[in-house]
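For reference, model_21.json (JSON, C-alpha atoms):
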```json
[["chain", "number", "residue", "atom", "x", "y", "z"],
["A", 1, "MET", "CA", 29.22, 13.54, 0.02],
["A", 2, "ALA", "CA", 31.28, 11.27, -2.24],
["A", 3, "GLU", "CA", 31.39, 13.98, -4.89],
["A", 4, "ALA", "CA", 32.68, 16.51, -2.35],
["A", 5, "ALA", "CA", 35.38, 14.06, -1.25],
["A", 6, "VAL", "CA", 36.46, 13.56, -4.85],
["A", 7, "ARG", "CA", 36.68, 17.33, -5.37],
["A", 8, "THR", "CA", 38.81, 17.74, -2.25],
["A", 9, "GLN", "CA", 41.10, 14.86, -3.22],
["A", 10, "SER", "CA", 41.55, 16.19, -6.74],
["A", 11, "ARG", "CA", 42.60, 19.59, -5.41],
["A", 12, "LYS", "CA", 45.07, 17.99, -3.04],
["A", 13, "ALA", "CA", 46.41, 15.99, -5.96],
["A", 14, "GLY", "CA", 47.38, 19.18, -7.76],
["A", 15, "THR", "CA", 44.24, 20.57, -9.40],
["A", 16, "LYS", "CA", 44.37, 24.34, -9.31],
["A", 17, "ALA", "CA", 42.07, 25.78, -6.64],
["A", 18, "PRO", "CA", 39.77, 28.67, -7.55],
["A", 19, "PRO", "CA", 41.31, 32.10, -6.81],
["A", 20, "THR", "CA", 40.27, 33.61, -3.50],
["A", 21, "LEU", "CA", 40.87, 36.75, -1.48],
["A", 22, "GLY", "CA", 41.61, 36.77, 2.24],
["A", 23, "PHE", "CA", 39.93, 33.91, 4.06],
["A", 24, "GLY", "CA", 38.21, 32.09, 1.21],
["A", 25, "VAL", "CA", 36.32, 34.92, -0.52],
["A", 26, "PRO", "CA", 35.77, 34.09, -4.22],
["A", 27, "ALA", "CA", 37.70, 36.44, -6.50],
["A", 28, "THR", "CA", 34.55, 37.32, -8.43],
["A", 29, "SER", "CA", 32.55, 40.48, -8.99],
["A", 30, "ASP", "CA", 31.04, 41.78, -5.73],
["A", 31, "PRO", "CA", 30.62, 38.50, -3.80],
["A", 32, "HIS", "CA", 28.67, 38.20, -0.56],
["A", 33, "HIS", "CA", 31.32, 38.25, 2.17],
["A", 34, "PHE", "CA", 32.46, 39.78, 5.46],
["A", 35, "LYS", "CA", 35.30, 42.18, 6.19],
["A", 36, "VAL", "CA", 37.33, 42.38, 9.37],
["A", 37, "ILE", "CA", 38.71, 45.92, 9.45],
["A", 38, "ILE", "CA", 41.77, 46.24, 11.68],
["A", 39, "PRO", "CA", 42.95, 49.83, 12.29],
["A", 40, "LYS", "CA", 46.61, 50.76, 12.32],
["A", 41, "ALA", "CA", 46.38, 52.27, 15.80],
["A", 42, "SER", "CA", 47.02, 49.57, 18.38],
["A", 43, "SER", "CA", 44.18, 50.87, 20.53],
["A", 44, "GLY", "CA", 41.66, 51.10, 17.69],
["A", 45, "LYS", "CA", 38.57, 48.90, 17.70],
["A", 46, "VAL", "CA", 38.21, 46.09, 15.18],
["A", 47, "GLN", "CA", 35.08, 46.23, 13.03],
["A", 48, "ILE", "CA", 33.32, 43.24, 11.47],
["A", 49, "SER", "CA", 30.91, 44.08, 8.66],
["A", 50, "GLU", "CA", 28.85, 42.02, 6.23],
["A", 51, "TYR", "CA", 28.89, 42.98, 2.55],
["A", 52, "LEU", "CA", 25.85, 41.55, 0.79],
["A", 53, "GLY", "CA", 27.25, 42.12, -2.68],
["A", 54, "LEU", "CA", 24.93, 41.34, -5.56],
["A", 55, "GLN", "CA", 22.39, 39.93, -3.10],
["A", 56, "ALA", "CA", 21.72, 43.38, -1.64],
["A", 57, "ALA", "CA", 18.20, 44.65, -2.29],
["A", 58, "SER", "CA", 19.54, 48.20, -2.59],
["A", 59, "ASN", "CA", 22.68, 50.22, -1.99],
["A", 60, "ASP", "CA", 21.19, 51.41, 1.30],
["A", 61, "ILE", "CA", 21.49, 47.95, 2.84],
["A", 62, "ALA", "CA", 24.51, 46.65, 0.94],
["A", 63, "VAL", "CA", 26.68, 46.72, 4.08],
["A", 64, "ILE", "CA", 25.67, 45.68, 7.61],
["A", 65, "ASP", "CA", 28.04, 46.61, 10.42],
["A", 66, "ARG", "CA", 27.85, 43.64, 12.77],
["A", 67, "VAL", "CA", 30.15, 44.37, 15.71],
["A", 68, "LEU", "CA", 32.97, 46.55, 17.05],
["A", 69, "LEU", "CA", 35.48, 44.74, 19.25],
["A", 70, "GLU", "CA", 37.88, 46.40, 21.64],
["A", 71, "ARG", "CA", 41.43, 45.61, 20.55],
["A", 72, "PRO", "CA", 42.35, 43.41, 23.57],
["A", 73, "ARG", "CA", 39.26, 41.27, 22.95],
["A", 74, "TRP", "CA", 40.18, 40.86, 19.29],
["A", 75, "THR", "CA", 43.75, 40.00, 20.25],
["A", 76, "ALA", "CA", 42.44, 37.29, 22.57],
["A", 77, "ILE", "CA", 40.57, 35.47, 19.77],
["A", 78, "ARG", "CA", 42.42, 36.23, 16.54],
["A", 79, "ALA", "CA", 45.07, 33.48, 16.61],
["A", 80, "GLU", "CA", 42.66, 30.60, 17.26],
["A", 81, "VAL", "CA", 40.17, 31.94, 14.73],
["A", 82, "GLN", "CA", 42.90, 32.20, 12.10],
["A", 83, "ARG", "CA", 44.09, 28.66, 12.81],
["A", 84, "ALA", "CA", 40.55, 27.25, 12.64],
["A", 85, "PHE", "CA", 39.69, 29.10, 9.42],
["A", 86, "ASN", "CA", 42.91, 28.09, 7.68],
["A", 87, "ALA", "CA", 42.30, 24.45, 8.61],
["A", 88, "ARG", "CA", 38.86, 24.68, 7.00],
["A", 89, "LEU", "CA", 40.25, 26.35, 3.89],
["A", 90, "ALA", "CA", 42.89, 23.64, 3.57],
["A", 91, "THR", "CA", 40.23, 20.92, 3.45],
["A", 92, "HIS", "CA", 38.80, 22.67, 0.39],
["A", 93, "GLY", "CA", 42.18, 23.13, -1.25],
["A", 94, "LEU", "CA", 42.06, 26.91, -0.77],
["A", 95, "LYS", "CA", 45.00, 29.10, 0.20],
["A", 96, "PRO", "CA", 45.40, 30.19, 3.84],
["A", 97, "SER", "CA", 45.46, 33.77, 5.04],
["A", 98, "THR", "CA", 46.59, 35.89, 7.99],
["A", 99, "TRP", "CA", 45.11, 38.88, 9.77],
["A", 100, "LYS", "CA", 46.68, 42.17, 8.75],
["A", 101, "VAL", "CA", 46.11, 45.87, 9.34],
["A", 102, "GLY", "CA", 43.40, 47.12, 7.00],
["A", 103, "ASP", "CA", 40.60, 45.19, 5.30],
["A", 104, "ASN", "CA", 40.53, 41.41, 5.72],
["A", 105, "PRO", "CA", 37.96, 39.68, 3.45],
["A", 106, "VAL", "CA", 36.29, 36.64, 5.02],
["A", 107, "ASP", "CA", 34.06, 34.04, 3.36],
["A", 108, "ARG", "CA", 30.37, 34.66, 4.06],
["A", 109, "LEU", "CA", 29.93, 31.49, 6.16],
["A", 110, "LEU", "CA", 33.18, 31.87, 8.05],
["A", 111, "GLY", "CA", 32.16, 35.47, 8.71],
["A", 112, "ARG", "CA", 28.94, 34.31, 10.32],
["A", 113, "GLU", "CA", 30.90, 31.97, 12.54],
["A", 114, "LEU", "CA", 33.27, 34.75, 13.53],
["A", 115, "CYS", "CA", 30.34, 37.00, 14.44],
["A", 116, "VAL", "CA", 29.03, 34.37, 16.87],
["A", 117, "LEU", "CA", 32.32, 34.43, 18.77],
["A", 118, "ALA", "CA", 32.72, 38.21, 18.52],
["A", 119, "TRP", "CA", 29.19, 38.79, 19.82],
["A", 120, "ALA", "CA", 29.88, 36.42, 22.70],
["A", 121, "VAL", "CA", 33.08, 38.14, 23.84],
["A", 122, "GLU", "CA", 32.22, 41.80, 23.15],
["A", 123, "GLN", "CA", 31.02, 42.39, 26.74],
["A", 124, "MET", "CA", 32.40, 39.28, 28.42],
["A", 125, "ASP", "CA", 34.74, 39.31, 31.41],
["A", 126, "LYS", "CA", 38.16, 39.11, 29.76],
["A", 127, "GLU", "CA", 39.31, 36.17, 31.87],
["A", 128, "LYS", "CA", 36.45, 34.11, 30.39],
["A", 129, "ILE", "CA", 37.37, 34.73, 26.75],
["A", 130, "PRO", "CA", 39.70, 31.68, 26.47],
["A", 131, "VAL", "CA", 36.79, 29.53, 27.67],
["A", 132, "ALA", "CA", 34.52, 31.09, 25.05],
["A", 133, "VAL", "CA", 37.08, 30.38, 22.32],
["A", 134, "ARG", "CA", 37.33, 26.71, 23.35],
["A", 135, "ASN", "CA", 33.55, 26.36, 23.42],
["A", 136, "TRP", "CA", 33.26, 28.06, 20.02],
["A", 137, "LEU", "CA", 35.85, 25.69, 18.56],
["A", 138, "ALA", "CA", 33.87, 22.74, 19.92],
["A", 139, "LEU", "CA", 30.77, 23.76, 17.94],
["A", 140, "ARG", "CA", 30.25, 22.35, 14.47],
["A", 141, "PRO", "CA", 30.12, 24.89, 11.61],
["A", 142, "GLU", "CA", 26.40, 24.37, 11.04],
["A", 143, "GLU", "CA", 25.76, 25.02, 14.74],
["A", 144, "ARG", "CA", 27.58, 28.34, 14.48],
["A", 145, "TRP", "CA", 25.55, 29.24, 11.37],
["A", 146, "TRP", "CA", 22.34, 28.45, 13.23],
["A", 147, "LEU", "CA", 23.38, 30.62, 16.17],
["A", 148, "PHE", "CA", 24.25, 33.48, 13.83],
["A", 149, "GLY", "CA", 20.86, 33.22, 12.16],
["A", 150, "MET", "CA", 19.03, 33.33, 15.48],
["A", 151, "ALA", "CA", 21.03, 36.30, 16.80],
["A", 152, "ALA", "CA", 21.10, 38.29, 13.56],
["A", 153, "VAL", "CA", 17.31, 38.45, 13.21],
["A", 154, "SER", "CA", 16.80, 41.00, 15.98],
["A", 155, "THR", "CA", 20.22, 41.72, 17.52],
["A", 156, "GLY", "CA", 22.61, 41.56, 14.58],
["A", 157, "GLY", "CA", 23.68, 45.21, 14.38],
["A", 158, "VAL", "CA", 26.70, 47.02, 15.71],
["A", 159, "MET", "CA", 24.56, 48.76, 18.35],
["A", 160, "ASP", "CA", 22.79, 45.62, 19.60],
["A", 161, "GLY", "CA", 25.36, 44.44, 22.13],
["A", 162, "GLY", "CA", 23.95, 43.42, 25.50],
["A", 163, "LYS", "CA", 20.55, 42.47, 24.09],
["A", 164, "GLY", "CA", 18.64, 39.23, 23.55],
["A", 165, "TRP", "CA", 20.67, 36.58, 21.79],
["A", 166, "ARG", "CA", 23.88, 38.55, 22.24],
["A", 167, "ILE", "CA", 23.52, 38.09, 26.01],
["A", 168, "ALA", "CA", 22.66, 34.42, 25.51],
["A", 169, "LEU", "CA", 25.82, 33.87, 23.46],
["A", 170, "LYS", "CA", 27.96, 35.56, 26.12],
["A", 171, "HIS", "CA", 26.69, 33.24, 28.83],
["A", 172, "ALA", "CA", 26.50, 30.10, 26.70],
["A", 173, "LEU", "CA", 30.08, 30.32, 25.42],
["A", 174, "GLY", "CA", 31.66, 31.98, 28.44],
["A", 175, "ASP", "CA", 30.36, 29.59, 31.07],
["A", 176, "VAL", "CA", 31.69, 26.03, 30.98],
["A", 177, "ALA", "CA", 28.55, 24.70, 32.67],
["A", 178, "GLN", "CA", 26.28, 26.37, 30.12],
["A", 179, "SER", "CA", 28.32, 25.82, 26.97],
["A", 180, "GLU", "CA", 26.20, 22.86, 25.86],
["A", 181, "LEU", "CA", 22.86, 24.65, 26.15],
["A", 182, "LEU", "CA", 22.74, 26.10, 22.66],
["A", 183, "ALA", "CA", 24.50, 23.39, 20.66],
["A", 184, "PRO", "CA", 21.77, 20.74, 21.03],
["A", 185, "SER", "CA", 19.21, 23.28, 19.80],
["A", 186, "ALA", "CA", 21.31, 23.87, 16.73],
["A", 187, "ARG", "CA", 21.50, 20.14, 16.11],
["A", 188, "ARG", "CA", 17.75, 19.77, 16.53],
["A", 189, "GLY", "CA", 17.17, 22.64, 14.13],
["A", 190, "ARG", "CA", 18.45, 20.68, 11.10],
["A", 191, "SER", "CA", 18.03, 17.16, 9.88],
["A", 192, "VAL", "CA", 21.10, 15.14, 8.93],
["A", 193, "GLN", "CA", 20.28, 15.63, 5.25],
["A", 194, "GLU", "CA", 19.96, 19.42, 5.63],
["A", 195, "THR", "CA", 23.26, 19.59, 7.51],
["A", 196, "THR", "CA", 25.04, 17.64, 4.79],
["A", 197, "GLN", "CA", 23.64, 19.86, 2.04],
["A", 198, "VAL", "CA", 24.72, 23.06, 3.78],
["A", 199, "SER", "CA", 28.17, 21.69, 4.57],
["A", 200, "LEU", "CA", 28.77, 20.80, 0.93],
["A", 201, "GLY", "CA", 28.00, 24.38, -0.09],
["A", 202, "LEU", "CA", 30.57, 25.93, 2.22],
["A", 203, "PHE", "CA", 32.62, 27.68, -0.44],
["A", 204, "GLY", "CA", 30.28, 27.19, -3.36],
["A", 205, "ASP", "CA", 27.12, 29.02, -4.37],
["A", 206, "GLU", "CA", 24.98, 31.32, -2.26],
["A", 207, "THR", "CA", 23.10, 28.62, -0.37],
["A", 208, "PRO", "CA", 22.30, 30.08, 3.10]]
```
Entire entry expressed as structure tokens:
Amino acid sequence: MAEAAVRTQSRKAGTKAPPTLGFGVPATSDPHHFKVIIPKASSGKVQISEYLGLQAASNDIAVIDRVLLERPRWTAIRAEVQRAFNARLATHGLKPSTWKVGDNPVDRLLGRELCVLAWAVEQMDKEKIPVAVRNWLALRPEERWWLFGMAAVSTGGVMDGGKGWRIALKHALGDVAQSELLAPSARRGRSVQETTQVSLGLFGDETP
């Protein structure tokens, strides 16, 4: 923890941050990351896909399409997601980014967090989306990673909306009374030591 604090302070003091693309993706050869693909047409759906990079077992599974969001649903979450991600990047001394038409690279862990929110709102009543965004913001990063891991096992594909954990996320984030149901499970799923180790690896190596 102390070492991480020193690294952050040194970057703030003027040490050059590592080059990144989009929202924190390392500018290296074929990194594991996500892409948010925003079409030029204002009515076009926004696609979120995971690119496994060098971790892919084969070219056949190098890309996993995670979700397609109707444009109004994306519009309802994009500003708060951008603000939250840029705040996280700033703590690591990394440059901020903005959503643009075309391909938007997103760090592999931030991408998992975005999927949790996107899965929650994909079939949600639109008037509940602001509630879902607030509840998502209230979760700690490691809680969002845990939720992604649980949902991605059996319902992590673009055609899996309205099933299993995707339904659970919709109700848990979209209902104020239920918003605390999943977070304690995420906290119970990791010890304090495990949480610290994962947090320190946020923009580092390929630790899950």
Around all the atoms of stretch 39-57 of chain A listed in the file, with 3 Å of room on each side, what axis-aligned box do you get, giving centre and edge lengths in Å to one decimal, as lines of an AutoDock Vina configuration file?
```
center_x = 32.6
center_y = 46.1
center_z = 7.5
size_x = 34.8
size_y = 18.3
size_z = 32.1
```
Out of A:Ser154, A:Val106, A:Lys128, A:Met159, which residue has the shortest atom-to-atom distance to A:Leu173 when counting only C-alpha atoms? A:Lys128
Point-to-point distance in Å for atom CA of A:Ala79 and atom CA of A:Gly22: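 Spanning atom CA of A:Gly22 to atom CA of A:Ala79 is a straight-line distance of 15.1 Å.
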I want to know what sits within 10 Å of A:Val63, based on all atoms listed in the file, with residues of the same chain fewer than 5 positions away left out; could you give that as a list of chain:residue names?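 Selected residues are A:His32, A:His33, A:Phe34, A:Lys35, A:Ser49, A:Glu50, A:Tyr51, A:Leu52, A:Gly53, A:Ala56, A:Ser58.
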Please indicate the distance in Å from atom CA of A:Arg134 to atom CA of A:Pro26, rounded to one decimal place. 28.6 Å
Shell around A:Leu110 at 10 Å using all atoms listed in the file, local window under 5 positions removed, as a ChimeraX atom specification: /A:23-25,33-34,81,84-85,88-89,115,141,144-145,202-203
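Picture a line from atom CA of A:Pro72 to atom CA of A:Gln47; it runs 13.1 Å.
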Determine, counting all atoms listed in the file, which protein, DNA and RNA residues have an atom within 9 Å of an atom of A:Val46; residues of the same chain fewer than 2 positions away are not included. Present the result as a list in words.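 After dropping sequence-adjacent residues, the list is Val36, Ile37, Ile38, Pro39, Gly44, Ile48, Val67, Leu68, Leu69, Glu70, Arg71 and Trp74 of chain A.
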Quick one: of A:Val158, A:Ala87, A:Leu94, A:Val133, who's nearest to A:Leu114, counting only C-alpha atoms?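 Using only C-alpha atoms, A:Leu114 sits closest to A:Val133.
When only C-alpha atoms are used to compute distances to A:Lys100, the closest of the residues A:Arg78, A:Gly156, A:Arg166, A:Arg73 turns out to be A:Arg78.
Of the residues listed (A:Gly149, A:Asp175, A:Ala138, A:Ser97), A:Asp175 shows the shortest atom-to-atom separation from A:Asp125; distances use all atoms listed in the file.
Distance check against A:Leu137 using all atoms listed in the file: of A:Thr98, A:Asn104, A:Gln123, A:Gln82, the minimum falls on A:Gln82.
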Counting only C-alpha atoms, which residue out of A:Lys40, A:His92, A:Lys45, A:Lys126 sits closest to A:Pro18? A:His92
